[in-house]
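What follows is a short report on a single structure.
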Amino acid sequence: MSGEPVIVAEHLSRRFGALWAVRDVSLTVQRGEIFGVLGPNGAGKSTTIRMLCGILDPSGGKGTVVGFDVATQSERIKQSIGYMTQRFSLYEDLSVEENLRFYASIYGLRGRARSERIESTLESSGLRDRRKQLAGTLSGGWKQRVALASSTIHRPPLLFLDEPTAGVDPVSRREFWDQIHRISGEGTTVLVTTHYMDEAERCHRLSFIFRGQLLAIGTPAEIVAQRGLHVLELQLPAADAERGESALRGLPGVEEISHFGSITRLAMRGNGDERAAVQRALSAQNITPSYLELTRANVEDAFVSMVRDDERTRDAERARAQSPGARA
Amino acid sequence: MTRLFAIAWKELLQLRRDRMTFGMMIGIPVMQLLLFGYAINSDVRHMPTVIYDQDRSAEARDLVRRLVVTGFYDVVAEVRDYDDIELAMRRGSASVALVIPTRFGESLRAGRPARAQLVVDGSDPQTVASATNTAVALAGARALELSALYQSARGQQPMLQPLTVEPTTWYNPELKTAIFVVPGLVGVILTMTMIMFTAMAVVRERERGTLEQLIVSPVGRVEMVIGKIAPYIAIGYVQMSLILLVGRLVFRVPLAGSLPLLYALASAFIAANLALGMVFSTIARTQQQAMQMSFFFLLPNILLSGFIFPFEGMPRPAQWLAQLLPLTHFHRVVRGITLKGASWADVRPEFLQLLVILLVLIAVSAARFRKKLG
């Protein structure tokens, strides 16, 4: 990483009517990074990307992309970016090759240079055998490949991917991420939005957007570490599962209890003696877990915990606003 | 230019794949032409006719024969009185009756005025017009012929020249409505297809998300708009040629004026409709809405433009509204050139009004068709 910023957003905001879709988002993306933007559906990820691409004017704040202002120099930005939308914007009634040729021409490639670029792209994306196939008849994973090939046919220094893997099978998703890393390895900066947590961990750096606001930013490890979470996995005897769980729920610092088959996953915030605390709480109920292990907290744990925090803050604010004392 | 061609080429490729749309583009003009052309034509020609001949003279038979050979009247029966005529008309077995009074032949031979009566079923105004006009025109022509004959037979100087000119060629006494309908159809079909296909072509890209992809590309607004509509201009000309050709071959629609002039002036009309389609595309969210808007717009065009009802017969407010429609002006241009042989000077005022409408529409569509979202 050369430390050269490709995207700089400062207090970027966008309002649709009374609703703030994006509020006060500031972030910096360095050249060559794979930068992930995570968040649930409707959190403001697409709105942020559209503002950075220069196709949606910000209501407030400012942004610079590849050195140009998003509000006033959007046409300059468009020359240097690739953009793949959520819905694989392909012409379904054109063949794979015709789609590539169209997008190559749109970005000003012509003649021999265009033909060579199309050939090399077909080759590197593994699409050579399907060049004559109509895009509409391809499966989701293949469509996604063509869409990625189309949006990078002009070799942009910066690539925006807006939920590129939505609705794609796990194997294709994995292959797609290999492609992203290949493109990144060629020096392209990639900004990718997703709501798959496993994909988040494949990014160099991450940000988390929730309800239009940026809740965290950093490497996956930093984001996990910031939350100070300790995660325990345990297995309770089936007969005691319900009783045991309510005992665990009463422990201080419990953020989230989730289930993976017969394994119960317990995310807690504390100073490191959680394992002992859990054991004490269970033995007080005469329950002996058949399995109890401390495990690594992941990005998903961190984000769920952040969302819970956010919800608690909102609930508290609402309660304060409704209590009679608030008026005084 | 590379980009503009890329968009135009892509549009053509998509058209070729979209069999349905492609079929509609060729099918609609031909189907409408045949429907309108024949529907109106068959009403006018071969009207079932009954003859009430009270005279039974050679002159009476001669008049009937002359009417029959025009092809407008098919004699279905001879009747004995007016009650029979009424019956035939009520039953719909006849829409026209020719009544020849006694002494008809005698009067003609003597050079005195002879009158025959034409009874027409008034329930179909189209029939009335063609039945009466044809018979009146034919009788008038025959009268002139006879008066000249009689005068020369009596050794006097004929007051009129011998009739060598067929009266049918004068004011189109055959009442071939197709001649009026076909040039009008050029405008109607272009309005429908140009607006609908442009609006849908843009909305389809928005629906499928490809418009967003184009908006983030460096394609300019002008490149996008022109690249998008250029293929449709070409298709508009193909449709126009098709209508004129079929009109010529099937309905014998004359072309009195200059074809190049017509093609040149049609460009403004086609462009106006395309610009309007662009405006619609910025309003409609789905292809279905785009299609509905196009049809909604088409209706006043058909009713007010002079395609069906004569412009002069409409109330004032309707006339003002009609002046805003590109089709109203194009009708005058296309009918003027094809039927009356109008020159550039004759149609210039209409063309200039069309041009003003076009410029307004381009301004509106360019203003609305922004390269931004939201």
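Identifiers for the structure tokens are assigned positionally: chains receive A, B, ... in sequence, residues are indexed from 1 per chain, and ligands are indexed from 1 in the order shown.
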Do me a favour and pick out the residues of chain A within 7 Å of chain B, using only C-alpha atoms, as a short mmCIF file (atom, residue, chain, number, x, y, z; two decimals) with C-alpha atoms, in the first residue's frame.
```cif
data_model
loop_
_atom_site.label_atom_id
_atom_site.label_comp_id
_atom_site.auth_asym_id
_atom_site.auth_seq_id
_atom_site.Cartn_x
_atom_site.Cartn_y
_atom_site.Cartn_z
CA CYS A 53 -19.36 7.48 -8.58
CA ILE A 55 -24.18 9.84 -10.24
CA LEU A 56 -25.94 11.06 -7.13
CA GLU A 75 -17.63 13.20 -15.69
CA LYS A 78 -16.46 8.28 -14.74
CA GLN A 79 -13.42 7.88 -17.00
CA ARG A 87 -28.24 -6.62 -10.60
CA SER A 89 -26.33 -4.84 -15.54
CA LEU A 90 -25.91 -6.89 -18.66
CA ASP A 93 -30.40 -10.27 -25.21
CA LEU A 94 -26.78 -9.71 -26.24
CA PHE A 102 -20.42 -2.71 -26.13
CA SER A 105 -16.71 0.86 -27.03
CA ILE A 106 -18.53 2.89 -24.41
CA TYR A 107 -15.17 3.46 -22.73
CA GLY A 108 -13.65 4.58 -26.00
#
```
DSSP-assigned helix (DSSP H, G or I) among range 100-256 of chain A, expressed as an MDAnalysis selection string: chainID A and resid 100:106 111:124 128:130 135:137 140:151 170:185 197:200 220:227 238:249
Contacts of Ile118 in chain A at 8 Å (only C-alpha atoms; same-chain gap of 5+ positions) as a list of chain:residue names: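 Close residues of Ile118 in chain A: A:Glu97, A:Leu100, A:Arg101, A:Ala104, A:Ile153.
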Next, the residues of the selection above should be written as a PDB file, in the first residue's frame with N, CA and C atoms.
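Okay, result.pdb is ready:
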```
ATOM      1  N   GLU A  97     -19.890 -11.867 -25.697  1.00  0.00           N
ATOM      2  CA  GLU A  97     -18.912 -11.081 -26.443  1.00  0.00           C
ATOM      3  C   GLU A  97     -19.487  -9.713 -26.837  1.00  0.00           C
ATOM      4  N   LEU A 100     -19.355  -7.399 -23.940  1.00  0.00           N
ATOM      5  CA  LEU A 100     -18.002  -6.891 -23.708  1.00  0.00           C
ATOM      6  C   LEU A 100     -17.643  -5.840 -24.751  1.00  0.00           C
ATOM      7  N   ARG A 101     -18.010  -6.111 -25.995  1.00  0.00           N
ATOM      8  CA  ARG A 101     -17.685  -5.165 -27.067  1.00  0.00           C
ATOM      9  C   ARG A 101     -18.400  -3.840 -26.825  1.00  0.00           C
ATOM     10  N   ALA A 104     -16.683  -2.038 -23.976  1.00  0.00           N
ATOM     11  CA  ALA A 104     -15.361  -1.569 -24.423  1.00  0.00           C
ATOM     12  C   ALA A 104     -15.508  -0.305 -25.262  1.00  0.00           C
ATOM     13  N   ILE A 153     -13.422  -3.907 -18.264  1.00  0.00           N
ATOM     14  CA  ILE A 153     -12.832  -4.075 -19.598  1.00  0.00           C
ATOM     15  C   ILE A 153     -11.921  -2.904 -19.961  1.00  0.00           C
TER      16      ILE A 153
END
```
Best match for closeness to Ala272 in chain B among B:Ala322, B:Ile51, B:Ile357, B:Met240, counting only C-alpha atoms: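 Closest to Ala272 in chain B, using only C-alpha atoms: B:Ile357.
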Point-to-point distance from CA of Cys203 in chain A to CA of Leu158 in chain A, Å rounded to tenths: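 CA of Leu158 in chain A lies at a distance of 15.1 Å from CA of Cys203 in chain A.
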Separation of CA of Pro157 in chain A from CA of Arg31 in chain A in Å: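 It comes out at 8.6 Å.
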Neighbour list for Thr219 in chain A as a PDB file with N, CA and C atoms, in the first residue's frame, cut-off 7 Å, only C-alpha atoms, skip fewer than 6 positions in-chain:
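The result, written out as around26.pdb:
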```
ATOM      1  N   HIS A 204      -9.086  -5.986   2.778  1.00  0.00           N
ATOM      2  CA  HIS A 204      -7.957  -5.423   3.517  1.00  0.00           C
ATOM      3  C   HIS A 204      -8.459  -4.575   4.668  1.00  0.00           C
ATOM      4  N   ARG A 205      -9.433  -3.709   4.332  1.00  0.00           N
ATOM      5  CA  ARG A 205     -10.025  -2.879   5.384  1.00  0.00           C
ATOM      6  C   ARG A 205     -11.531  -2.853   5.198  1.00  0.00           C
ATOM      7  N   LEU A 206     -12.209  -2.494   6.271  1.00  0.00           N
ATOM      8  CA  LEU A 206     -13.665  -2.569   6.303  1.00  0.00           C
ATOM      9  C   LEU A 206     -14.260  -1.313   6.889  1.00  0.00           C
TER      10      LEU A 206
END
```
Test item: residues at most 8 Å from Ile362 in chain B, only C-alpha atoms, excluding those fewer than 2 positions along its chain, as a PyMOL selection string: chain B and resi 272+275-276+358-360+364-366
Next, write the just-selected residues to a file, as a PDB file, in the first residue's frame, keeping N, CA and C atoms as the atom set.
```pdb
ATOM      1  N   ALA B 272     -39.533  14.657 -33.651  1.00  0.00           N
ATOM      2  CA  ALA B 272     -40.418  15.203 -32.616  1.00  0.00           C
ATOM      3  C   ALA B 272     -41.033  14.071 -31.796  1.00  0.00           C
ATOM      4  N   ALA B 275     -38.381  12.523 -29.542  1.00  0.00           N
ATOM      5  CA  ALA B 275     -38.106  13.375 -28.381  1.00  0.00           C
ATOM      6  C   ALA B 275     -39.218  13.226 -27.351  1.00  0.00           C
ATOM      7  N   LEU B 276     -40.446  13.135 -27.842  1.00  0.00           N
ATOM      8  CA  LEU B 276     -41.578  12.959 -26.938  1.00  0.00           C
ATOM      9  C   LEU B 276     -41.479  11.606 -26.221  1.00  0.00           C
ATOM     10  N   LEU B 358     -40.843  20.604 -32.331  1.00  0.00           N
ATOM     11  CA  LEU B 358     -39.681  19.721 -32.177  1.00  0.00           C
ATOM     12  C   LEU B 358     -38.651  20.330 -31.228  1.00  0.00           C
ATOM     13  N   LEU B 359     -38.347  21.616 -31.427  1.00  0.00           N
ATOM     14  CA  LEU B 359     -37.321  22.252 -30.597  1.00  0.00           C
ATOM     15  C   LEU B 359     -37.746  22.286 -29.136  1.00  0.00           C
ATOM     16  N   VAL B 360     -39.014  22.574 -28.899  1.00  0.00           N
ATOM     17  CA  VAL B 360     -39.516  22.587 -27.521  1.00  0.00           C
ATOM     18  C   VAL B 360     -39.365  21.197 -26.901  1.00  0.00           C
ATOM     19  N   VAL B 364     -37.142  20.020 -23.661  1.00  0.00           N
ATOM     20  CA  VAL B 364     -37.751  19.377 -22.485  1.00  0.00           C
ATOM     21  C   VAL B 364     -37.083  18.030 -22.206  1.00  0.00           C
ATOM     22  N   SER B 365     -36.866  17.226 -23.253  1.00  0.00           N
ATOM     23  CA  SER B 365     -36.302  15.895 -23.011  1.00  0.00           C
ATOM     24  C   SER B 365     -34.853  15.998 -22.541  1.00  0.00           C
ATOM     25  N   ALA B 366     -34.088  16.940 -23.095  1.00  0.00           N
ATOM     26  CA  ALA B 366     -32.696  17.090 -22.663  1.00  0.00           C
ATOM     27  C   ALA B 366     -32.637  17.552 -21.213  1.00  0.00           C
TER      28      ALA B 366
END
```
Close residues, range 181-187 of chain B itself excluded, 7 Å, only C-alpha atoms, min 5 positions apart in chain, as a PyMOL selection string: chain B and resi 33+37+240+243+247+307+327+330-331+334-335
For the residues selected in the previous step, produce a file with N, CA and C atoms as an mmCIF file, in the first residue's frame.
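The new file again15.cif reads:
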```cif
data_model
loop_
_atom_site.group_PDB
_atom_site.id
_atom_site.type_symbol
_atom_site.label_atom_id
_atom_site.label_comp_id
_atom_site.auth_asym_id
_atom_site.auth_seq_id
_atom_site.Cartn_x
_atom_site.Cartn_y
_atom_site.Cartn_z
ATOM 1 N N LEU B 33 -52.731 -0.695 -42.122
ATOM 2 C CA LEU B 33 -52.980 -0.211 -43.465
ATOM 3 C C LEU B 33 -54.089 -1.025 -44.110
ATOM 4 N N GLY B 37 -57.599 0.546 -44.674
ATOM 5 C CA GLY B 37 -57.815 0.669 -46.112
ATOM 6 C C GLY B 37 -59.013 -0.125 -46.570
ATOM 7 N N MET B 240 -42.424 4.165 -43.005
ATOM 8 C CA MET B 240 -43.054 5.123 -43.903
ATOM 9 C C MET B 240 -43.009 4.615 -45.346
ATOM 10 N N ILE B 243 -45.548 1.828 -45.853
ATOM 11 C CA ILE B 243 -46.938 2.280 -45.964
ATOM 12 C C ILE B 243 -47.182 2.884 -47.336
ATOM 13 N N GLY B 247 -49.603 1.268 -49.976
ATOM 14 C CA GLY B 247 -50.682 2.172 -50.381
ATOM 15 C C GLY B 247 -50.719 2.326 -51.889
ATOM 16 N N PHE B 307 -57.123 13.165 -38.753
ATOM 17 C CA PHE B 307 -57.017 11.838 -39.366
ATOM 18 C C PHE B 307 -58.408 11.280 -39.655
ATOM 19 N N LEU B 327 -48.705 15.650 -35.099
ATOM 20 C CA LEU B 327 -49.406 14.891 -36.128
ATOM 21 C C LEU B 327 -50.318 15.778 -36.974
ATOM 22 N N PHE B 330 -48.208 17.363 -39.500
ATOM 23 C CA PHE B 330 -47.653 16.386 -40.440
ATOM 24 C C PHE B 330 -48.722 15.890 -41.403
ATOM 25 N N HIS B 331 -49.946 15.745 -40.917
ATOM 26 C CA HIS B 331 -51.044 15.337 -41.805
ATOM 27 C C HIS B 331 -51.169 16.292 -42.988
ATOM 28 N N VAL B 334 -48.146 15.785 -45.325
ATOM 29 C CA VAL B 334 -48.106 14.537 -46.081
ATOM 30 C C VAL B 334 -49.276 14.450 -47.062
ATOM 31 N N ARG B 335 -50.450 14.930 -46.664
ATOM 32 C CA ARG B 335 -51.581 14.914 -47.597
ATOM 33 C C ARG B 335 -51.376 15.929 -48.707
#
```
Residues flagged strand (DSSP E or B) by DSSP in range 169-297 of chain A, as a ChimeraX atom specification: /A:189-194,205-210,213-218,229-235,254-260,263-269,291-295
Nearest to Lys62 in chain A, chosen from A:Leu251, A:Arg114, A:Val278, A:Val8, with only C-alpha atoms counted in the distances: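 Of A:Leu251, A:Arg114, A:Val278, A:Val8, the one nearest Lys62 in chain A, counting only C-alpha atoms, is A:Val8.
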Among the residues B:Leu108, B:Ala367, B:Leu67, B:Met291, the one that comes closest to Met200 in chain B [using only C-alpha atoms]: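 Once distances to Met200 in chain B are computed over only C-alpha atoms, the minimum belongs to B:Met291.
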Near-Ala276 in chain A list (12 Å; only C-alpha atoms; drop same-chain fewer than 5 positions) as JSON, numbers by chain: {"A": [232, 251, 270, 271, 281, 282, 283, 292, 293, 294]}
Would you output that residue set with C-alpha atoms, as a PDB file, in the first residue's frame?
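Output saved as selection.pdb:
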```pdb
ATOM      1  CA  LEU A 232     -17.397 -19.045  23.979  1.00  0.00           C
ATOM      2  CA  LEU A 251     -24.668 -12.996  33.112  1.00  0.00           C
ATOM      3  CA  GLY A 270     -15.581  -8.349  29.747  1.00  0.00           C
ATOM      4  CA  ASN A 271     -12.093  -8.582  31.114  1.00  0.00           C
ATOM      5  CA  ALA A 281     -23.430 -19.873  36.387  1.00  0.00           C
ATOM      6  CA  LEU A 282     -24.053 -23.310  34.909  1.00  0.00           C
ATOM      7  CA  SER A 283     -22.937 -25.311  37.934  1.00  0.00           C
ATOM      8  CA  LEU A 292     -16.973 -25.410  26.528  1.00  0.00           C
ATOM      9  CA  GLU A 293     -14.259 -23.644  24.543  1.00  0.00           C
ATOM     10  CA  LEU A 294     -13.098 -20.061  24.134  1.00  0.00           C
TER      11      LEU A 294
END
```
